[in-house]
$ cat data_20.txt   # compact mmCIF, C-alpha atoms (C1' of nucleotides)
# COMPACT_ATOMS: atom_id res chain seq x y z
CA MET A 1 -26.79 -16.05 -26.22
CA THR A 2 -30.28 -14.55 -26.19
CA ARG A 3 -31.12 -10.90 -25.83
CA HIS A 4 -32.31 -11.45 -22.30
CA ALA A 5 -29.17 -13.33 -21.41
CA VAL A 6 -27.08 -10.39 -22.56
CA ASP A 7 -29.07 -7.99 -20.43
CA ARG A 8 -28.96 -10.27 -17.45
CA SER A 9 -25.26 -10.84 -17.78
CA ALA A 10 -24.55 -7.16 -18.25
CA ASP A 11 -26.71 -6.29 -15.29
CA LEU A 12 -24.93 -8.90 -13.22
CA LYS A 13 -21.52 -7.58 -14.14
CA ALA A 14 -22.64 -4.04 -13.37
CA ARG A 15 -23.95 -5.07 -9.96
CA ILE A 16 -20.71 -6.86 -9.14
CA ARG A 17 -18.67 -3.94 -10.40
CA ASP A 18 -20.58 -1.45 -8.25
CA ALA A 19 -20.24 -3.59 -5.15
CA ALA A 20 -16.57 -4.18 -5.85
CA GLU A 21 -15.66 -0.54 -6.39
CA ASP A 22 -17.58 0.45 -3.28
CA GLN A 23 -15.94 -2.10 -1.01
CA PHE A 24 -12.45 -1.88 -2.46
CA SER A 25 -12.46 1.92 -2.16
CA SER A 26 -13.83 1.99 1.36
CA ARG A 27 -12.13 -1.01 2.98
CA GLY A 28 -9.12 -1.51 0.73
CA TYR A 29 -7.96 -4.52 -1.24
CA ALA A 30 -6.78 -6.88 1.50
CA ALA A 31 -9.78 -6.40 3.79
CA THR A 32 -12.27 -6.99 0.99
CA SER A 33 -13.06 -10.60 0.19
CA ILE A 34 -14.62 -12.00 -2.96
CA ARG A 35 -17.31 -13.43 -0.72
CA ASP A 36 -18.11 -9.97 0.66
CA ILE A 37 -18.46 -8.48 -2.79
CA ALA A 38 -20.57 -11.41 -3.95
CA ALA A 39 -22.88 -11.05 -0.95
CA ALA A 40 -23.31 -7.32 -1.54
CA ALA A 41 -24.10 -7.96 -5.19
CA GLY A 42 -26.44 -10.82 -4.28
CA VAL A 43 -24.59 -13.49 -6.23
CA ASP A 44 -22.49 -16.57 -5.59
CA PRO A 45 -18.75 -15.96 -5.09
CA SER A 46 -17.83 -18.19 -7.99
CA ILE A 47 -19.84 -15.94 -10.32
CA VAL A 48 -17.46 -13.13 -9.52
CA ILE A 49 -14.43 -15.15 -10.54
CA ARG A 50 -16.26 -16.51 -13.55
CA HIS A 51 -16.93 -13.01 -14.84
CA PHE A 52 -13.73 -11.22 -13.88
CA GLY A 53 -11.10 -13.93 -13.64
CA SER A 54 -9.59 -13.06 -10.28
CA LYS A 55 -9.87 -10.73 -7.32
CA GLU A 56 -6.99 -8.67 -8.62
CA ALA A 57 -8.48 -8.41 -12.11
CA LEU A 58 -11.75 -7.24 -10.60
CA PHE A 59 -9.87 -4.64 -8.59
CA VAL A 60 -8.03 -3.35 -11.63
CA ASP A 61 -11.28 -3.36 -13.59
CA THR A 62 -13.21 -1.24 -11.11
CA VAL A 63 -11.07 1.06 -8.97
CA ARG A 64 -10.32 4.46 -10.50
CA LEU A 65 -9.13 7.80 -9.17
CA ARG A 66 -12.12 9.59 -10.76
CA ALA A 67 -10.37 12.94 -10.40
CA ARG A 68 -10.23 13.40 -14.15
CA ASP A 69 -13.66 14.97 -14.45
CA ALA A 70 -13.28 17.10 -11.34
CA GLY A 71 -11.69 19.99 -13.16
CA ILE A 72 -9.26 19.96 -10.30
CA LEU A 73 -6.63 21.82 -12.28
CA SER A 74 -8.85 24.49 -13.81
CA GLY A 75 -8.50 28.23 -13.39
CA PRO A 76 -5.53 30.53 -13.88
CA ILE A 77 -2.29 28.59 -13.97
CA SER A 78 -0.68 31.04 -11.57
CA GLN A 79 -3.14 30.09 -8.80
CA VAL A 80 -3.49 26.36 -9.34
CA GLY A 81 -1.37 25.39 -6.35
CA GLU A 82 -3.30 27.04 -3.58
CA ARG A 83 -6.69 26.44 -5.17
CA LEU A 84 -5.93 22.74 -5.50
CA VAL A 85 -4.94 22.34 -1.85
CA ARG A 86 -8.11 24.17 -0.81
CA GLN A 87 -10.19 21.79 -2.91
CA VAL A 88 -8.42 18.80 -1.40
CA LEU A 89 -8.99 20.04 2.16
CA ALA A 90 -12.62 20.93 1.51
CA GLN A 91 -13.30 17.30 0.54
CA PRO A 92 -16.05 17.57 -2.06
CA ASP A 93 -17.91 14.34 -2.84
CA ASP A 94 -15.93 13.36 -5.91
CA LEU A 95 -12.65 13.81 -4.05
CA VAL A 96 -13.86 11.70 -1.16
CA ARG A 97 -14.37 8.85 -3.62
CA SER A 98 -10.92 9.50 -5.00
CA ARG A 99 -9.46 9.48 -1.53
CA GLY A 100 -10.43 5.88 -0.83
CA ALA A 101 -9.43 4.81 -4.32
CA PHE A 102 -6.01 6.43 -4.01
CA ALA A 103 -5.30 4.73 -0.69
CA ALA A 104 -6.52 1.38 -1.99
CA LEU A 105 -4.45 1.64 -5.18
CA LEU A 106 -1.30 2.68 -3.36
CA ARG A 107 -1.59 -0.05 -0.75
CA ALA A 108 -2.26 -2.70 -3.39
CA SER A 109 0.58 -1.52 -5.62
CA ASP A 110 2.80 -4.50 -4.83
CA SER A 111 0.94 -6.05 -7.73
CA ASP A 112 2.49 -5.00 -11.04
CA ASP A 113 -0.92 -4.58 -12.64
CA VAL A 114 -2.17 -2.32 -9.86
CA GLN A 115 1.05 -0.34 -9.92
CA ALA A 116 0.69 0.18 -13.67
CA LEU A 117 -2.92 1.23 -13.23
CA LEU A 118 -1.99 3.76 -10.58
CA ARG A 119 0.71 5.23 -12.81
CA GLN A 120 -1.76 5.45 -15.66
CA GLU A 121 -4.43 7.10 -13.52
CA LEU A 122 -2.00 9.70 -12.22
CA LYS A 123 -0.82 10.40 -15.74
CA ALA A 124 -4.34 10.78 -17.07
CA SER A 125 -5.64 12.76 -14.07
CA ILE A 126 -2.72 15.02 -13.28
CA ILE A 127 0.46 14.78 -15.29
CA ASP A 128 -1.01 15.13 -18.79
CA ALA A 129 -3.28 17.98 -17.72
CA VAL A 130 -0.42 19.89 -16.12
CA GLU A 131 2.04 19.26 -18.92
CA ALA A 132 -0.42 20.57 -21.47
CA ARG A 133 -0.67 23.89 -19.65
CA LEU A 134 3.06 24.54 -19.27
CA PRO A 135 5.51 25.91 -21.82
CA PRO A 136 8.55 23.94 -23.03
CA PRO A 137 11.19 22.83 -22.40
CA ASP A 138 10.50 21.80 -18.79
CA ALA A 139 6.79 21.03 -19.02
CA LYS A 140 7.17 17.26 -18.60
CA LEU A 141 9.63 17.39 -15.71
CA ARG A 142 7.60 20.08 -13.94
CA ALA A 143 4.45 17.99 -14.33
CA HIS A 144 6.18 15.01 -12.72
CA LEU A 145 7.60 17.11 -9.88
CA PHE A 146 4.15 18.59 -9.28
CA CYS A 147 2.63 15.12 -9.30
CA ALA A 148 5.23 13.82 -6.84
CA GLN A 149 4.42 16.67 -4.47
CA LEU A 150 0.71 15.97 -4.81
CA ILE A 151 1.30 12.28 -4.14
CA GLY A 152 3.07 13.40 -0.99
CA LEU A 153 0.11 15.47 0.13
CA PHE A 154 -2.41 12.72 -0.63
CA THR A 155 -0.28 10.07 1.03
CA ALA A 156 0.40 12.15 4.13
CA LEU A 157 -3.28 13.08 4.51
CA TRP A 158 -5.07 9.94 3.32
CA VAL A 159 -2.73 6.99 3.74
CA ILE A 160 -0.39 7.81 6.61
CA GLU A 161 -2.97 10.16 8.13
CA ASP A 162 -0.58 12.71 9.60
CA VAL A 163 -2.80 14.27 12.26
CA GLU A 164 -0.59 17.32 12.62
CA LEU A 165 -1.21 18.09 8.96
CA THR A 166 -4.94 17.36 9.13
CA ALA A 167 -5.32 19.44 12.25
CA ALA A 168 -3.19 22.29 10.95
CA ASN A 169 -4.75 25.62 10.19
CA ARG A 170 -6.45 25.10 6.86
CA ASP A 171 -5.54 28.46 5.41
CA ALA A 172 -1.91 28.19 6.45
CA LEU A 173 -1.66 24.74 4.90
CA ALA A 174 -3.39 25.82 1.68
CA VAL A 175 -1.17 28.87 1.35
CA SER A 176 2.11 27.12 2.16
CA TYR A 177 1.73 23.77 0.41
CA GLY A 178 -0.06 25.63 -2.39
CA ALA A 179 3.02 27.82 -2.76
CA LEU A 180 5.25 24.74 -2.91
CA LEU A 181 3.09 23.17 -5.62
CA GLN A 182 3.03 26.45 -7.47
CA GLN A 183 6.83 26.53 -7.43
CA ALA A 184 6.88 23.23 -9.29
CA LEU A 185 4.66 24.72 -11.98
CA THR A 186 5.96 28.23 -12.45
CA GLY A 187 8.78 28.78 -9.95
CA ASP A 188 12.46 29.35 -10.60
CA ILE A 189 13.68 25.90 -9.59
CA PHE A 190 16.30 24.99 -12.16
CA SER A 191 19.13 27.26 -11.10
CA THR A 192 21.18 26.03 -8.16
CA SER A 193 20.99 29.40 -6.47
CA ALA A 194 17.19 29.56 -6.58
CA ALA A 195 16.71 27.62 -3.36
CA GLY A 196 16.75 29.23 0.03
CA MET B 1 14.93 -20.97 32.60
CA THR B 2 18.65 -21.81 32.42
CA ARG B 3 21.40 -19.57 31.14
CA HIS B 4 21.72 -21.66 28.02
CA ALA B 5 18.01 -21.56 27.41
CA VAL B 6 18.08 -17.77 27.52
CA ASP B 7 20.91 -17.61 25.00
CA ARG B 8 19.25 -20.12 22.75
CA SER B 9 15.93 -18.39 22.92
CA ALA B 10 17.48 -15.00 22.31
CA ASP B 11 19.45 -16.40 19.40
CA LEU B 12 16.29 -17.93 17.99
CA LYS B 13 14.38 -14.70 18.21
CA ALA B 14 17.27 -12.86 16.58
CA ARG B 15 17.37 -15.36 13.72
CA ILE B 16 13.64 -15.06 13.17
CA ARG B 17 13.85 -11.29 13.37
CA ASP B 18 16.62 -11.11 10.79
CA ALA B 19 14.78 -13.40 8.39
CA ALA B 20 11.55 -11.48 8.89
CA GLU B 21 13.04 -8.04 8.30
CA ASP B 22 14.84 -9.28 5.24
CA GLN B 23 11.79 -10.87 3.64
CA PHE B 24 9.27 -8.21 4.65
CA SER B 25 11.50 -5.44 3.31
CA SER B 26 12.29 -7.17 0.05
CA ARG B 27 8.97 -8.86 -0.83
CA GLY B 28 6.52 -6.82 1.23
CA TYR B 29 4.00 -7.87 3.84
CA ALA B 30 1.40 -9.69 1.76
CA ALA B 31 3.85 -11.74 -0.28
CA THR B 32 5.74 -12.93 2.78
CA SER B 33 4.33 -15.92 4.64
CA ILE B 34 5.10 -17.06 8.16
CA ARG B 35 6.19 -20.34 6.65
CA ASP B 36 8.73 -18.55 4.43
CA ILE B 37 10.22 -16.69 7.36
CA ALA B 38 10.34 -19.84 9.47
CA ALA B 39 12.09 -21.75 6.71
CA ALA B 40 14.68 -19.00 6.26
CA ALA B 41 15.30 -18.93 10.00
CA GLY B 42 15.42 -22.74 10.15
CA VAL B 43 12.58 -23.10 12.65
CA ASP B 44 9.06 -24.40 12.76
CA PRO B 45 6.35 -21.93 11.69
CA SER B 46 4.53 -22.27 14.97
CA ILE B 47 7.64 -21.10 16.82
CA VAL B 48 7.39 -17.80 15.00
CA ILE B 49 3.85 -17.21 16.19
CA ARG B 50 4.72 -18.50 19.63
CA HIS B 51 7.49 -15.93 20.00
CA PHE B 52 5.91 -12.93 18.29
CA GLY B 53 2.17 -13.45 18.58
CA SER B 54 1.13 -12.83 15.01
CA LYS B 55 2.46 -12.07 11.55
CA GLU B 56 1.51 -8.42 11.94
CA ALA B 57 3.19 -8.16 15.35
CA LEU B 58 6.36 -9.63 13.86
CA PHE B 59 6.20 -7.09 11.04
CA VAL B 60 5.79 -4.19 13.44
CA ASP B 61 8.57 -5.62 15.61
CA THR B 62 11.12 -5.84 12.82
CA VAL B 63 10.57 -3.40 9.95
CA ARG B 64 12.14 0.04 10.43
CA LEU B 65 13.08 2.91 8.15
CA ARG B 66 16.67 2.90 9.45
CA ALA B 67 17.25 6.36 8.04
CA ARG B 68 17.78 7.79 11.51
CA ASP B 69 21.47 7.02 11.67
CA ALA B 70 22.19 8.03 8.11
CA GLY B 71 22.78 11.67 8.93
CA ILE B 72 20.59 12.31 5.95
CA LEU B 73 19.74 15.82 7.10
CA SER B 74 23.24 16.91 8.07
CA GLY B 75 25.15 19.82 6.62
CA PRO B 76 24.23 23.48 6.15
CA ILE B 77 20.49 23.98 6.47
CA SER B 78 20.45 26.14 3.36
CA GLN B 79 21.57 23.21 1.19
CA VAL B 80 19.69 20.33 2.76
CA GLY B 81 17.13 20.05 -0.04
CA GLU B 82 19.42 19.38 -2.98
CA ARG B 83 21.89 17.34 -0.96
CA LEU B 84 19.10 15.09 0.28
CA VAL B 85 17.74 14.39 -3.19
CA ARG B 86 21.26 13.60 -4.40
CA GLN B 87 21.68 11.13 -1.54
CA VAL B 88 18.35 9.51 -2.33
CA LEU B 89 19.21 9.15 -6.02
CA ALA B 90 22.70 7.82 -5.30
CA GLN B 91 21.17 4.95 -3.31
CA PRO B 92 23.76 4.20 -0.66
CA ASP B 93 23.37 0.86 1.14
CA ASP B 94 21.50 2.13 4.14
CA LEU B 95 18.99 3.92 1.95
CA VAL B 96 18.41 0.82 -0.14
CA ARG B 97 17.34 -0.96 3.03
CA SER B 98 15.10 1.96 3.86
CA ARG B 99 13.61 1.88 0.39
CA GLY B 100 12.15 -1.59 0.80
CA ALA B 101 11.06 -0.87 4.34
CA PHE B 102 9.29 2.33 3.27
CA ALA B 103 7.39 0.56 0.50
CA ALA B 104 6.46 -2.33 2.77
CA LEU B 105 5.28 -0.04 5.58
CA LEU B 106 3.24 2.14 3.26
CA ARG B 107 1.58 -0.80 1.53
CA ALA B 108 0.77 -2.47 4.85
CA SER B 109 -0.55 0.73 6.40
CA ASP B 110 -4.17 -0.39 6.25
CA SER B 111 -3.35 -1.91 9.63
CA ASP B 112 -3.66 0.71 12.36
CA ASP B 113 -0.53 -0.58 14.09
CA VAL B 114 1.55 -0.39 10.94
CA GLN B 115 0.18 3.05 10.15
CA ALA B 116 1.14 4.25 13.65
CA LEU B 117 4.61 2.75 13.26
CA LEU B 118 5.11 4.49 9.94
CA ARG B 119 4.04 7.83 11.44
CA GLN B 120 6.43 7.28 14.34
CA GLU B 121 9.32 6.35 12.08
CA LEU B 122 8.82 9.43 9.91
CA LYS B 123 8.65 11.61 12.98
CA ALA B 124 11.80 10.14 14.47
CA SER B 125 13.72 10.06 11.17
CA ILE B 126 12.68 13.30 9.55
CA ILE B 127 10.18 15.56 11.24
CA ASP B 128 11.89 15.89 14.63
CA ALA B 129 15.30 16.41 13.05
CA VAL B 130 14.02 19.11 10.72
CA GLU B 131 11.93 20.85 13.35
CA ALA B 132 14.93 21.07 15.67
CA ARG B 133 16.93 22.93 13.04
CA LEU B 134 14.34 25.56 12.14
CA PRO B 135 13.42 28.75 14.00
CA PRO B 136 9.95 29.40 15.42
CA PRO B 137 7.12 30.00 14.86
CA ASP B 138 6.71 27.82 11.76
CA ALA B 139 9.21 25.07 12.53
CA LYS B 140 6.63 22.36 13.11
CA LEU B 141 4.49 23.14 10.08
CA ARG B 142 7.54 23.48 7.85
CA ALA B 143 8.82 20.12 9.08
CA HIS B 144 5.53 18.46 8.18
CA LEU B 145 5.38 20.15 4.76
CA PHE B 146 8.95 19.02 4.11
CA CYS B 147 8.10 15.50 5.21
CA ALA B 148 5.02 15.41 2.97
CA GLN B 149 7.15 16.43 -0.01
CA LEU B 150 9.71 13.78 0.86
CA ILE B 151 6.97 11.15 1.16
CA GLY B 152 5.94 12.21 -2.32
CA LEU B 153 9.44 11.70 -3.69
CA PHE B 154 9.88 8.32 -1.99
CA THR B 155 6.44 7.14 -3.04
CA ALA B 156 6.85 8.27 -6.64
CA LEU B 157 10.30 6.67 -6.93
CA TRP B 158 9.97 3.55 -4.78
CA VAL B 159 6.30 2.63 -4.59
CA ILE B 160 4.67 3.85 -7.78
CA GLU B 161 7.98 3.67 -9.64
CA ASP B 162 7.48 6.63 -11.95
CA VAL B 163 9.93 5.77 -14.72
CA GLU B 164 9.96 9.28 -16.10
CA LEU B 165 11.24 10.46 -12.74
CA THR B 166 13.75 7.66 -12.35
CA ALA B 167 15.02 8.16 -15.88
CA ALA B 168 15.13 11.94 -15.59
CA ASN B 169 18.45 13.70 -15.63
CA ARG B 170 19.80 13.17 -12.14
CA ASP B 171 21.21 16.66 -11.75
CA ALA B 172 18.06 18.35 -13.00
CA LEU B 173 15.93 16.32 -10.59
CA ALA B 174 18.26 16.98 -7.65
CA VAL B 175 18.35 20.69 -8.38
CA SER B 176 14.62 21.13 -8.99
CA TYR B 177 13.09 18.85 -6.36
CA GLY B 178 15.88 19.94 -4.03
CA ALA B 179 14.78 23.53 -4.56
CA LEU B 180 11.18 22.58 -3.76
CA LEU B 181 12.21 20.83 -0.55
CA GLN B 182 14.39 23.79 0.34
CA GLN B 183 11.42 26.12 -0.07
CA ALA B 184 9.57 24.16 2.60
CA LEU B 185 12.48 24.68 4.98
CA THR B 186 13.59 28.23 4.35
CA GLY B 187 11.43 29.66 1.56
CA ASP B 188 8.90 32.47 1.70
CA ILE B 189 5.79 30.33 1.54
CA PHE B 190 3.39 31.90 4.01
CA SER B 191 2.39 35.01 2.12
CA THR B 192 -0.26 34.51 -0.56
CA SER B 193 1.76 36.48 -3.08
CA ALA B 194 4.89 34.37 -2.65
CA ALA B 195 3.80 31.74 -5.19
CA GLY B 196 4.40 32.08 -8.88
C1' DG C 14 -23.09 -22.97 -23.82
C1' DT C 15 -24.01 -20.47 -19.69
C1' DC C 16 -24.60 -20.25 -14.76
C1' DT C 17 -24.09 -22.32 -10.05
C1' DA C 18 -22.42 -25.04 -6.15
C1' DT C 19 -19.11 -27.75 -4.33
C1' DA C 20 -14.42 -28.88 -3.42
C1' DC C 21 -9.31 -27.66 -3.16
C1' DC C 22 -5.16 -25.22 -1.80
C1' DT C 23 -2.69 -21.83 0.70
C1' DT C 24 -1.97 -19.49 4.93
C1' DG C 25 -2.52 -17.58 9.63
C1' DA C 26 -3.34 -19.32 14.03
C1' DT C 27 -4.21 -22.86 17.92
C1' DA C 28 -4.03 -27.05 20.89
C1' DG C 29 -2.04 -30.89 22.52
C1' DA C 30 1.88 -34.45 22.42
C1' DC C 31 6.72 -35.31 23.69
C1' DG D 24 10.28 -25.46 24.99
C1' DT D 25 9.54 -27.45 20.50
C1' DC D 26 6.94 -29.96 16.96
C1' DT D 27 2.63 -32.35 14.93
C1' DA D 28 -2.05 -32.15 13.89
C1' DT D 29 -5.71 -29.40 12.98
C1' DC D 30 -8.97 -25.49 12.26
C1' DA D 31 -10.82 -21.47 9.90
C1' DA D 32 -10.88 -18.21 6.20
C1' DG D 33 -10.28 -16.93 1.74
C1' DG D 34 -8.94 -17.15 -3.41
C1' DT D 35 -9.65 -20.15 -7.11
C1' DA D 36 -10.77 -24.09 -10.24
C1' DT D 37 -13.71 -27.64 -11.67
C1' DA D 38 -17.61 -30.40 -12.40
C1' DG D 39 -22.41 -30.59 -12.62
C1' DA D 40 -27.32 -28.41 -13.59
C1' DC D 41 -30.30 -26.30 -16.98
$ encode --input "data_20.txt" --output "structure tokens"
Amino acid sequence: MTRHAVDRSADLKARIRDAAEDQFSSRGYAATSIRDIAAAAGVDPSIVIRHFGSKEALFVDTVRLRARDAGILSGPISQVGERLVRQVLAQPDDLVRSRGAFAALLRASDSDDVQALLRQELKASIIDAVEARLPPPDAKLRAHLFCAQLIGLFTALWVIEDVELTAANRDALAVSYGALLQQALTGDIFSTSAAG
Amino acid sequence: MTRHAVDRSADLKARIRDAAEDQFSSRGYAATSIRDIAAAAGVDPSIVIRHFGSKEALFVDTVRLRARDAGILSGPISQVGERLVRQVLAQPDDLVRSRGAFAALLRASDSDDVQALLRQELKASIIDAVEARLPPPDAKLRAHLFCAQLIGLFTALWVIEDVELTAANRDALAVSYGALLQQALTGDIFSTSAAG
DNA sequence: GTCTATACCTTGATAGAC
DNA sequence: GTCTATCAAGGTATAGAC
């Protein structure tokens, strides 16, 4: 393989990858065909399979939550809940990318590989970051509870598209769901009398 | 159309419906083919389309959450949270059916019709029941917050299959996530200082 | 050996025969 | 009213071109 061939091949893979991530994240897995991706990348459909093996492998290779770098969990731990909901509702660019990726990953999670990828992305983006900031002995469980609540918010807003929630007063939603998230992090939730 | 023809036709549709609900709920939308359903119902594939119009229409016609009748939100309002999580973790028969249906609906929700059905099922099963039991003026918002949290629990357990959550101590999970759900119903979550 | 084009198989959906 | 034949679309493998 010559130097030029390497460059060309790498460039080709990059072009396919970009087209794939873009289409998978915007239209979802089922609605995106190999032929669509190939056309957007300006190559023959068989090239895509040749380089990535299968549609599913290409999906797993390209789609990511991308929330890791967003510093979405930064700031004082006691205010993470509300701040996070505000960030989600404000829809900055990086989160908009994550939005499509999350919906695509969740809807394609009947594949074991996609399901594993989604778990891994949530762990790397959310769970590990939260766990690292909480004291023992409940750090891990709290991180998973927090993540489950966040999955609920993302799924309600981005996958099921609950209009009542989208249309709700932004401040009220940020304050209330933020308080619920905050409870998972630092609230008194392990004594049976704490609820209510 | 004779009397017998009506019975036969109705019986046929019922057989197809049963087979469809069973396969869609257990294997999901994508992995279930019209030919599979037809074979299970003992009819020709074209009959299925003839009677229901399309695979998607058949899906929307058959798959339901079925949690409505479960009385899942019964009992004292102050203890609904923990009791509900315990019921979910205990996996009674009716909830096991709902589990597959929830995953199938969520994963097929890139279709507008399926998405609308899922919204409607959540409203009928959860949101309306919760809203009816809470006092104004926050009943509606609280119901939607509660539902979002519940979606998070279902999705984490049944769709993403978070093993850490599944393997967690059942009592600890019921108490803690129950407390979080309870906060959405009856907690002080609308003042900015309530969190933490 | 590496890339490309053609062909194949599954599956959803339709039209016409009986 | 039910079945057979067929089409169209899409994922994938294979054989041929350089």
$ closest_residue --input "data_20.txt" --among "B:Ala143, B:Leu58, B:Ile126, B:Ala41" --to "Ser74 in chain B" --atoms "all atoms listed in the file"
B:Ile126
$ atom_distance --input "data_20.txt" --atom1 "CA of Asp61 in chain A" --atom2 "CA of Ala30 in chain B"
20.9 Å
$ interface_residues --input "data_20.txt" --of "chain A" --to "chain C" --cutoff "8 Å" --atoms "all atoms listed in the file" --output "list in words"
Asp44, Ser46 and Ile47 of chain A
$ residues_around --input "data_20.txt" --residues "range 29-40 of chain D" --least-positions-apart "2" --cutoff "8 Å" --atoms "all atoms listed in the file" --output "PyMOL selection string"
(chain A and resi 33-34+49+54-55) or (chain C and resi 17+27)
$ residues_around --input "data_20.txt" --residues "range 167-181 of chain B" --least-positions-apart "6" --cutoff "10 Å" --atoms "all atoms listed in the file" --output "number ranges by chain"
A: 141-142, 144-146, 148-149, 179-184, 187-196; B: 79-90, 142, 145-150, 153, 187
$ atom_distance --input "data_20.txt" --atom1 "CA of Leu117 in chain A" --atom2 "CA of Phe52 in chain A"
16.5 Å
$ residues_around --input "data_20.txt" --residues "Ala104 in chain A" --least-positions-apart "4" --cutoff "8 Å" --atoms "only C-alpha atoms (C1' of nucleotides)" --output "list of chain:residue names"
A:Phe24, A:Ser25, A:Arg27, A:Gly28, A:Tyr29, A:Gly100, A:Ala108
$ write_last_selection --input "data_20.txt" --atoms "C-alpha atoms" --output "mmCIF file, in the coordinates of the input"
data_model
loop_
_atom_site.group_PDB
_atom_site.id
_atom_site.type_symbol
_atom_site.label_atom_id
_atom_site.label_comp_id
_atom_site.auth_asym_id
_atom_site.auth_seq_id
_atom_site.Cartn_x
_atom_site.Cartn_y
_atom_site.Cartn_z
ATOM 1 C CA PHE A 24 -12.450 -1.880 -2.460
ATOM 2 C CA SER A 25 -12.460 1.920 -2.160
ATOM 3 C CA ARG A 27 -12.130 -1.010 2.980
ATOM 4 C CA GLY A 28 -9.120 -1.510 0.730
ATOM 5 C CA TYR A 29 -7.960 -4.520 -1.240
ATOM 6 C CA GLY A 100 -10.430 5.880 -0.830
ATOM 7 C CA ALA A 108 -2.260 -2.700 -3.390
#
$ interface_residues --input "data_20.txt" --of "chain D" --to "chain B" --cutoff "12 Å" --atoms "all atoms listed in the file" --output "PyMOL selection string"
chain D and resi 24-28
$ atom_distance --input "data_20.txt" --atom1 "CA of Pro76 in chain B" --atom2 "CA of Asp138 in chain B"
18.9 Å
$ closest_residue --input "data_20.txt" --among "A:Ala57, A:Ala38, A:Leu165, A:Ala67" --to "chain B" --atoms "all atoms listed in the file"
A:Leu165
$ closest_residue --input "data_20.txt" --among "B:Leu118, B:Ala139, B:Ala39, B:Ala124" --to "chain A" --atoms "all atoms listed in the file"
B:Leu118
$ closest_residue --input "data_20.txt" --among "B:Pro92, B:Gly42, B:Leu65, B:Ala103" --to "chain A" --atoms "all atoms listed in the file"
B:Ala103
$ closest_residue --input "data_20.txt" --among "B:Val48, B:Ala129, B:Ala31, B:Val60" --to "chain A" --atoms "all atoms listed in the file"
B:Ala31
$ closest_residue --input "data_20.txt" --among "A:Gln115, A:Gln120, A:Ser98, A:Gln23" --to "chain B" --atoms "all atoms listed in the file"
A:Gln115
$ build_atoms --input "data_20.txt" --residues "range 25-36 of chain A" --atoms "N, CA and C atoms" --output "compact mmCIF listing (two decimals), keeping the file's coordinate frame"
# COMPACT_ATOMS: atom_id res chain seq x y z
N SER A 25 -12.82 0.53 -2.45
CA SER A 25 -12.46 1.92 -2.16
C SER A 25 -12.66 2.28 -0.70
N SER A 26 -13.59 1.62 -0.04
CA SER A 26 -13.83 1.99 1.36
C SER A 26 -13.00 1.15 2.33
N ARG A 27 -12.85 -0.14 2.04
CA ARG A 27 -12.13 -1.01 2.98
C ARG A 27 -10.73 -1.36 2.51
N GLY A 28 -10.42 -1.12 1.26
CA GLY A 28 -9.12 -1.51 0.73
C GLY A 28 -9.13 -2.90 0.14
N TYR A 29 -8.03 -3.25 -0.52
CA TYR A 29 -7.96 -4.52 -1.24
C TYR A 29 -7.93 -5.73 -0.30
N ALA A 30 -7.01 -5.70 0.65
CA ALA A 30 -6.78 -6.88 1.50
C ALA A 30 -8.01 -7.21 2.35
N ALA A 31 -8.66 -6.18 2.87
CA ALA A 31 -9.78 -6.40 3.79
C ALA A 31 -11.07 -6.75 3.07
N THR A 32 -11.07 -6.66 1.77
CA THR A 32 -12.27 -6.99 0.99
C THR A 32 -12.15 -8.39 0.41
N SER A 33 -13.11 -9.24 0.73
CA SER A 33 -13.06 -10.60 0.19
C SER A 33 -14.05 -10.74 -0.97
N ILE A 34 -13.71 -11.67 -1.85
CA ILE A 34 -14.62 -12.00 -2.96
C ILE A 34 -16.01 -12.32 -2.42
N ARG A 35 -16.02 -13.04 -1.31
CA ARG A 35 -17.31 -13.43 -0.72
C ARG A 35 -18.11 -12.21 -0.26
N ASP A 36 -17.42 -11.20 0.27
CA ASP A 36 -18.11 -9.97 0.66
C ASP A 36 -18.76 -9.29 -0.54
